[in-house]
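This is query.cif. It holds mmCIF, C-alpha atoms.
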data_input
loop_
_atom_site.label_atom_id
_atom_site.label_comp_id
_atom_site.auth_asym_id
_atom_site.auth_seq_id
_atom_site.Cartn_x
_atom_site.Cartn_y
_atom_site.Cartn_z
CA MET A 1 -44.81 -11.33 45.16
CA GLN A 2 -41.39 -12.52 44.01
CA PHE A 3 -40.55 -11.76 40.37
CA ASP A 4 -39.79 -14.87 38.31
CA ILE A 5 -37.93 -14.30 35.05
CA ARG A 6 -39.02 -17.73 33.84
CA ARG A 7 -42.41 -16.31 32.94
CA PHE A 8 -40.73 -14.84 29.84
CA ASP A 9 -39.87 -18.30 28.53
CA ILE A 10 -41.71 -18.70 25.22
CA TYR A 11 -40.33 -22.20 24.76
CA ARG A 12 -42.41 -23.90 27.43
CA LYS A 13 -41.48 -27.52 28.06
CA VAL A 14 -44.04 -30.29 27.90
CA PRO A 15 -43.49 -33.18 30.32
CA LYS A 16 -42.29 -36.23 28.47
CA ASP A 17 -45.06 -38.43 29.82
CA LEU A 18 -47.60 -36.13 28.15
CA THR A 19 -46.18 -36.64 24.65
CA GLN A 20 -47.04 -39.44 22.27
CA PRO A 21 -44.50 -40.79 19.75
CA THR A 22 -45.85 -42.10 16.46
CA LEU A 23 -44.42 -43.99 13.50
CA THR A 24 -45.47 -41.21 11.16
CA GLY A 25 -43.77 -38.63 13.36
CA ALA A 26 -40.55 -40.67 13.37
CA ILE A 27 -40.55 -40.93 9.56
CA ILE A 28 -41.21 -37.19 9.18
CA SER A 29 -38.46 -36.37 11.73
CA ILE A 30 -35.84 -38.52 9.97
CA SER A 31 -36.85 -37.13 6.57
CA SER A 32 -36.66 -33.58 7.92
CA CYS A 33 -33.15 -34.13 9.30
CA LEU A 34 -31.94 -35.56 5.98
CA PHE A 35 -33.59 -32.69 4.09
CA MET A 36 -31.99 -30.11 6.41
CA ALA A 37 -28.58 -31.77 6.01
CA PHE A 38 -28.92 -31.60 2.21
CA LEU A 39 -29.94 -27.94 2.25
CA PHE A 40 -27.19 -27.06 4.75
CA LEU A 41 -24.47 -28.69 2.64
CA SER A 42 -25.82 -26.97 -0.49
CA GLU A 43 -25.79 -23.60 1.26
CA LEU A 44 -22.30 -24.24 2.68
CA SER A 45 -21.00 -25.10 -0.79
CA ASP A 46 -22.54 -21.90 -2.17
CA PHE A 47 -21.03 -19.89 0.69
CA ILE A 48 -17.46 -21.12 0.21
CA THR A 49 -17.62 -20.88 -3.60
CA THR A 50 -16.05 -17.76 -5.05
CA LYS A 51 -18.13 -16.12 -7.75
CA VAL A 52 -16.81 -13.70 -10.34
CA GLU A 53 -18.86 -10.68 -11.37
CA SER A 54 -18.11 -8.80 -14.58
CA GLN A 55 -18.65 -5.17 -15.56
CA LEU A 56 -18.06 -3.18 -18.74
CA PHE A 57 -17.03 0.46 -18.68
CA VAL A 58 -15.15 3.03 -20.71
CA GLU A 59 -11.96 3.74 -18.79
CA ASP A 60 -8.25 3.12 -18.97
CA PRO A 61 -7.59 0.84 -15.95
CA ILE A 62 -3.86 1.61 -15.87
CA SER A 63 -3.66 5.18 -17.08
CA HIS A 64 -0.34 5.55 -15.24
CA ALA A 65 1.28 3.05 -17.63
CA ASP A 66 1.74 4.01 -21.26
CA LYS A 67 3.02 0.61 -22.42
CA ILE A 68 1.69 -2.94 -22.52
CA PRO A 69 3.94 -5.97 -21.91
CA VAL A 70 3.78 -8.64 -24.61
CA LYS A 71 5.10 -12.20 -24.63
CA ILE A 72 5.26 -14.35 -27.73
CA ASN A 73 6.29 -17.98 -28.10
CA ILE A 74 6.23 -19.42 -31.61
CA SER A 75 7.85 -22.29 -33.51
CA LEU A 76 8.86 -22.19 -37.19
CA PRO A 77 9.63 -25.82 -38.11
CA LYS A 78 11.16 -25.00 -41.51
CA LEU A 79 13.14 -21.80 -40.91
CA GLN A 80 16.56 -21.73 -39.26
CA CYS A 81 17.14 -19.52 -36.22
CA LYS A 82 19.78 -17.40 -37.95
CA TYR A 83 17.08 -15.96 -40.21
CA VAL A 84 14.39 -15.32 -37.56
CA GLY A 85 13.90 -11.84 -36.14
CA LEU A 86 11.28 -9.57 -34.61
CA ASP A 87 10.21 -6.16 -35.93
CA ILE A 88 7.96 -3.71 -34.05
CA GLN A 89 6.08 -0.72 -35.49
CA ASP A 90 3.33 1.61 -34.28
CA ASP A 91 1.53 4.87 -35.07
CA LEU A 92 3.82 6.87 -32.76
CA GLY A 93 6.67 6.35 -35.20
CA ARG A 94 8.36 3.41 -33.53
CA HIS A 95 10.11 1.13 -36.02
CA ASP A 96 12.43 -1.49 -34.50
CA VAL A 97 13.91 -3.90 -37.00
CA GLY A 98 15.62 -6.92 -35.48
CA PHE A 99 14.50 -6.36 -31.88
CA VAL A 100 16.84 -8.49 -29.74
CA GLU A 101 16.20 -7.57 -26.06
CA ASN A 102 14.64 -10.42 -24.04
CA THR A 103 14.52 -12.74 -27.04
CA ASP A 104 15.53 -16.38 -27.17
CA LYS A 105 16.00 -18.74 -30.12
CA THR A 106 16.15 -22.53 -29.79
CA ASP A 107 17.00 -24.89 -32.63
CA ILE A 108 14.39 -27.54 -33.38
CA GLN A 109 14.00 -30.20 -36.09
CA ASN A 110 17.74 -30.94 -36.00
CA GLY A 111 18.60 -27.31 -36.62
CA LEU A 112 16.23 -26.92 -39.57
CA GLY A 113 13.62 -25.07 -37.51
CA CYS A 114 13.48 -22.52 -34.73
CA ARG A 115 11.50 -21.87 -31.58
CA PHE A 116 11.38 -18.13 -30.97
CA GLU A 117 10.43 -16.47 -27.67
CA ALA A 118 10.36 -12.75 -26.90
CA SER A 119 9.18 -10.33 -24.21
CA PHE A 120 8.79 -6.68 -25.09
CA MET A 121 6.67 -3.57 -24.53
CA ILE A 122 4.31 -1.92 -26.98
CA ASN A 123 2.81 1.55 -26.88
CA LYS A 124 -0.92 1.89 -26.27
CA VAL A 125 -1.60 2.89 -29.86
CA GLN A 126 -2.35 0.98 -33.02
CA GLY A 127 0.61 -0.90 -34.42
CA ASN A 128 2.06 -4.29 -35.24
CA PHE A 129 4.89 -6.67 -34.49
CA HIS A 130 5.96 -9.35 -36.89
CA VAL A 131 8.27 -12.32 -37.07
CA SER A 132 10.29 -12.05 -40.26
CA THR A 133 13.69 -12.40 -41.91
CA HIS A 134 14.07 -8.63 -42.47
CA SER A 135 16.91 -8.27 -39.95
CA ALA A 136 18.91 -11.30 -41.09
CA GLU A 137 22.38 -10.70 -42.52
CA GLU A 138 21.43 -12.87 -45.46
CA GLN A 139 18.01 -13.92 -46.70
CA PRO A 140 17.05 -17.61 -46.92
CA SER A 141 16.79 -19.11 -50.38
CA ASN A 142 13.65 -21.03 -49.41
CA PRO A 143 11.78 -19.02 -46.76
CA ASP A 144 8.91 -20.83 -45.08
CA MET A 145 6.75 -19.07 -42.48
CA ASN A 146 4.58 -22.05 -41.58
CA HIS A 147 4.34 -21.98 -37.80
CA ILE A 148 2.90 -23.16 -34.50
CA ILE A 149 1.87 -20.53 -31.95
CA HIS A 150 2.41 -21.66 -28.36
CA SER A 151 1.26 -18.40 -26.79
CA VAL A 152 0.72 -14.70 -27.40
CA ASN A 153 -0.02 -12.78 -24.20
CA PHE A 154 -0.71 -9.12 -23.50
CA GLY A 155 -0.35 -7.75 -19.96
CA ASN A 156 -0.24 -9.96 -16.84
CA ARG A 157 -0.51 -13.66 -17.59
CA VAL A 158 -3.37 -15.20 -15.63
CA GLN A 159 -4.90 -18.65 -15.34
CA ILE A 160 -8.59 -18.13 -14.62
CA LYS A 161 -10.84 -21.05 -15.45
CA ASN A 162 -14.19 -19.95 -14.05
CA ILE A 163 -14.85 -17.00 -16.35
CA PRO A 164 -15.65 -16.92 -20.08
CA ALA A 165 -12.58 -14.89 -21.02
CA SER A 166 -10.22 -14.93 -24.01
CA PHE A 167 -6.72 -14.22 -22.71
CA ASP A 168 -4.76 -16.35 -25.20
CA PRO A 169 -7.00 -17.55 -28.06
CA LEU A 170 -3.95 -18.04 -30.30
CA GLU A 171 -2.46 -20.67 -27.99
CA GLY A 172 -1.91 -23.94 -29.82
CA ARG A 173 -2.74 -22.55 -33.28
CA VAL A 174 -1.09 -24.63 -35.99
CA LYS A 175 -0.46 -23.29 -39.50
CA THR A 176 1.94 -25.78 -41.05
CA ASN A 177 0.19 -26.63 -44.31
CA SER A 178 0.14 -23.25 -46.00
CA ASN A 179 2.17 -22.26 -49.04
CA ALA A 180 5.80 -21.81 -48.01
CA LEU A 181 5.82 -18.25 -49.37
CA SER A 182 2.55 -17.23 -47.69
CA THR A 183 2.47 -14.20 -45.44
CA HIS A 184 0.30 -14.70 -42.35
CA ASP A 185 -1.76 -11.83 -40.95
CA TYR A 186 -3.37 -11.86 -37.51
CA PHE A 187 -5.64 -8.87 -36.87
CA ILE A 188 -5.96 -8.52 -33.11
CA LYS A 189 -8.50 -6.50 -31.11
CA ILE A 190 -7.16 -5.97 -27.57
CA VAL A 191 -9.57 -5.45 -24.66
CA PRO A 192 -8.12 -4.02 -21.40
CA THR A 193 -9.12 -6.11 -18.38
CA VAL A 194 -8.96 -5.76 -14.61
CA TYR A 195 -9.14 -8.80 -12.34
CA GLU A 196 -9.60 -8.18 -8.61
CA ASP A 197 -9.47 -11.09 -6.17
CA LEU A 198 -11.01 -11.42 -2.70
CA SER A 199 -7.98 -9.74 -1.12
CA SER A 200 -8.39 -6.70 -3.41
CA ASN A 201 -5.22 -7.61 -5.32
CA LYS A 202 -5.48 -6.46 -8.93
CA LEU A 203 -4.08 -7.95 -12.11
CA TYR A 204 -4.15 -6.23 -15.48
CA PRO A 205 -4.32 -8.85 -18.24
CA TYR A 206 -5.57 -8.06 -21.71
CA GLN A 207 -8.09 -10.16 -23.56
CA TYR A 208 -8.13 -10.21 -27.32
CA THR A 209 -9.90 -11.60 -30.34
CA PHE A 210 -8.38 -12.12 -33.76
CA THR A 211 -9.09 -12.71 -37.41
CA TYR A 212 -6.66 -14.36 -39.79
CA ARG A 213 -5.69 -14.42 -43.42
CA ASP A 214 -2.75 -15.70 -45.43
CA TYR A 215 -1.73 -14.57 -48.89
CA LEU A 216 1.15 -14.44 -51.35
CA ASN A 217 2.67 -10.98 -51.41
CA PHE A 218 4.16 -9.88 -54.73
CA GLY A 219 6.01 -6.73 -55.69
CA HIS A 220 7.63 -5.79 -59.02
CA SER A 221 6.88 -9.22 -60.49
CA HIS A 222 8.55 -11.20 -57.71
CA ALA A 223 7.39 -12.61 -54.38
CA VAL A 224 8.06 -10.48 -51.30
CA MET A 225 9.70 -12.24 -48.36
CA PRO A 226 6.89 -13.71 -46.20
CA ALA A 227 6.33 -12.78 -42.54
CA ILE A 228 3.97 -13.45 -39.64
CA TRP A 229 2.17 -10.20 -38.79
CA PHE A 230 0.32 -9.41 -35.58
CA ARG A 231 -1.58 -6.18 -36.24
CA TYR A 232 -3.24 -4.87 -33.09
CA GLU A 233 -5.54 -2.09 -31.95
CA LEU A 234 -6.99 -1.33 -28.51
CA SER A 235 -10.66 -1.27 -27.60
CA PRO A 236 -11.94 1.68 -25.51
CA ILE A 237 -14.06 -0.75 -23.46
CA THR A 238 -12.57 -2.20 -20.28
CA VAL A 239 -13.80 -5.42 -18.65
CA ARG A 240 -13.60 -5.65 -14.86
CA TYR A 241 -13.83 -9.02 -13.10
CA THR A 242 -14.34 -9.01 -9.33
CA GLU A 243 -14.29 -12.04 -7.05
CA LYS A 244 -17.22 -12.12 -4.64
CA ARG A 245 -18.25 -14.38 -1.79
CA LYS A 246 -21.44 -14.35 0.26
CA PRO A 247 -21.05 -12.57 3.64
CA PHE A 248 -21.18 -14.77 6.74
CA TYR A 249 -24.36 -13.13 8.03
CA SER A 250 -26.12 -14.15 4.82
CA PHE A 251 -24.98 -17.75 5.29
CA LEU A 252 -26.12 -17.70 8.94
CA THR A 253 -29.51 -16.29 7.95
CA MET A 254 -30.02 -19.02 5.40
CA VAL A 255 -29.06 -21.74 7.88
CA CYS A 256 -31.58 -20.39 10.41
CA ALA A 257 -34.22 -20.24 7.67
CA ILE A 258 -33.49 -23.83 6.67
CA VAL A 259 -33.70 -25.17 10.23
CA GLY A 260 -36.70 -23.08 11.30
CA GLY A 261 -38.61 -23.52 8.05
CA THR A 262 -38.07 -27.27 7.91
CA PHE A 263 -39.15 -27.81 11.52
CA THR A 264 -42.21 -25.60 11.05
CA VAL A 265 -43.37 -27.26 7.83
CA ALA A 266 -42.60 -30.74 9.19
CA GLY A 267 -44.60 -29.93 12.36
CA ILE A 268 -47.59 -28.79 10.30
CA ILE A 269 -47.45 -31.93 8.14
CA ASP A 270 -47.15 -34.17 11.20
CA SER A 271 -50.03 -32.38 12.94
CA CYS A 272 -52.28 -32.70 9.87
CA ILE A 273 -51.53 -36.41 9.47
CA PHE A 274 -52.04 -37.07 13.19
CA THR A 275 -55.34 -35.13 13.24
CA ALA A 276 -56.61 -36.92 10.14
CA HIS A 277 -55.68 -40.25 11.66
CA GLU A 278 -57.54 -39.45 14.88
CA ILE A 279 -60.65 -38.37 12.94
CA PHE A 280 -60.52 -41.58 10.90
CA LYS A 281 -60.30 -43.70 14.07
CA LYS A 282 -63.28 -41.90 15.59
CA ALA A 283 -65.23 -42.41 12.38
CA GLU A 284 -64.54 -46.14 12.53
CA LEU A 285 -65.85 -46.23 16.11
CA GLY A 286 -68.84 -44.14 15.22
CA LYS A 287 -67.89 -41.41 17.69
CA LEU A 288 -68.02 -38.51 15.25
CA SER A 289 -70.73 -36.00 16.16
#
Step by step, read the file and then write its structure as structure tokens.
Amino acid sequence: MQFDIRRFDIYRKVPKDLTQPTLTGAIISISSCLFMAFLFLSELSDFITTKVESQLFVEDPISHADKIPVKINISLPKLQCKYVGLDIQDDLGRHDVGFVENTDKTDIQNGLGCRFEASFMINKVQGNFHVSTHSAEEQPSNPDMNHIIHSVNFGNRVQIKNIPASFDPLEGRVKTNSNALSTHDYFIKIVPTVYEDLSSNKLYPYQYTFTYRDYLNFGHSHAVMPAIWFRYELSPITVRYTEKRKPFYSFLTMVCAIVGGTFTVAGIIDSCIFTAHEIFKKAELGKLS
């Protein structure tokens, strides 16, 4: 007896002339196709969407680097550029008065104000940097530290919109209605962060939160020259963000489940409706026994 591999076919074909199309079956078929298309597009959108997972751990993500890059961009509408300077201090004994490397001053308000930008490194210890007139050759007669902060960034600058992070909360902060002699204090808590994309490329930005106060500083019965202080300390907690995307086999599994499940459920519904209809017809003809 000749062996016939077709006997293993579990998808046996029914001759077309033995099938019976119905209006209900057509409606269920069209509805099933639309439903499958909707589920497929939803699953495809979920597959191509990059998700970001976050973790917290106690670790220094860049232990090989002992300094953190900082960029500051600030405008002082009522203080001339010749008076503006940057001072840096920390608990390791650093004390730079009038830091000038990688700094830029631009006159604004017809020369009455100054836009100050600077890039510098800070040690990974508690400290501060402040915008002041301490390094000026002569002190202004009417100092005014009212200001607008355009940005204060620690570490790599990133633009990530799909995570609830706080990389530059001081951006756009306006303090232009304070007393002209007020000193402004920003107390900053820096949180080390690692961001890893789908290609395993890593960025090391730093998030931070801040609190603020302003006050008049007096010493020996006279007002002390005002300044804008950024006092920082580092958190021992590191936040890691990792981009993730569903693997292709997971997407393929879901597509098969959508197609197979929809056809199976639609077939059951169609069979139940058809059977009920046939029973109802027999009941009308009195052929039920």
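Remark: for Lys246 of chain A, the closest of the candidate residues A:Ile108, A:Ser119, A:Tyr215, A:Leu198 is A:Leu198 (distances computed over all atoms listed in the file).
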Just checking: using all atoms listed in the file, which residue out of A:Ala180, A:Met36, A:Ile279, A:Ile188 ends up closest to Asn146 of chain A? A:Ala180
Could you list, as a VMD selection string, every residue within 10 Å of Leu44 of chain A, counting only C-alpha atoms and ignoring same-chain residues fewer than 4 positions away? chain A and resid 38 to 40 48 to 49 251 to 252 254 to 255
Expected file contents, prior selection, C-alpha atoms, as an mmCIF file, in the coordinates of the input:
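Full text of again-v5.cif as output:
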data_model
loop_
_atom_site.group_PDB
_atom_site.id
_atom_site.type_symbol
_atom_site.label_atom_id
_atom_site.label_comp_id
_atom_site.auth_asym_id
_atom_site.auth_seq_id
_atom_site.Cartn_x
_atom_site.Cartn_y
_atom_site.Cartn_z
ATOM 1 C CA PHE A 38 -28.920 -31.600 2.210
ATOM 2 C CA LEU A 39 -29.940 -27.940 2.250
ATOM 3 C CA PHE A 40 -27.190 -27.060 4.750
ATOM 4 C CA ILE A 48 -17.460 -21.120 0.210
ATOM 5 C CA THR A 49 -17.620 -20.880 -3.600
ATOM 6 C CA PHE A 251 -24.980 -17.750 5.290
ATOM 7 C CA LEU A 252 -26.120 -17.700 8.940
ATOM 8 C CA MET A 254 -30.020 -19.020 5.400
ATOM 9 C CA VAL A 255 -29.060 -21.740 7.880
#
Using only C-alpha atoms, which of the listed residues (A:Asp185, A:Glu243, A:Glu101, A:Glu233) sits closest to Val125 of chain A?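 Between A:Asp185, A:Glu243, A:Glu101, A:Glu233, the residue approaching Val125 of chain A most closely is A:Glu233.
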Might you pull out every residue within 12 Å of Pro69 of chain A, with all atoms listed in the file counted and same-chain residues fewer than 4 positions away left off, and present them as a ChimeraX atom specification? /A:65,102,118-124,152-157,204-206
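Atom CA of Ser29 of chain A is found 13.4 Å from atom CA of Gly261 of chain A.
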Expand the PyMOL selection byres ((chain A and resi 189) around 7) into the individual residues it matches in the shown file, reporting them as a PyMOL selection string. chain A and resi 187-188+190-191+208-210+232-235
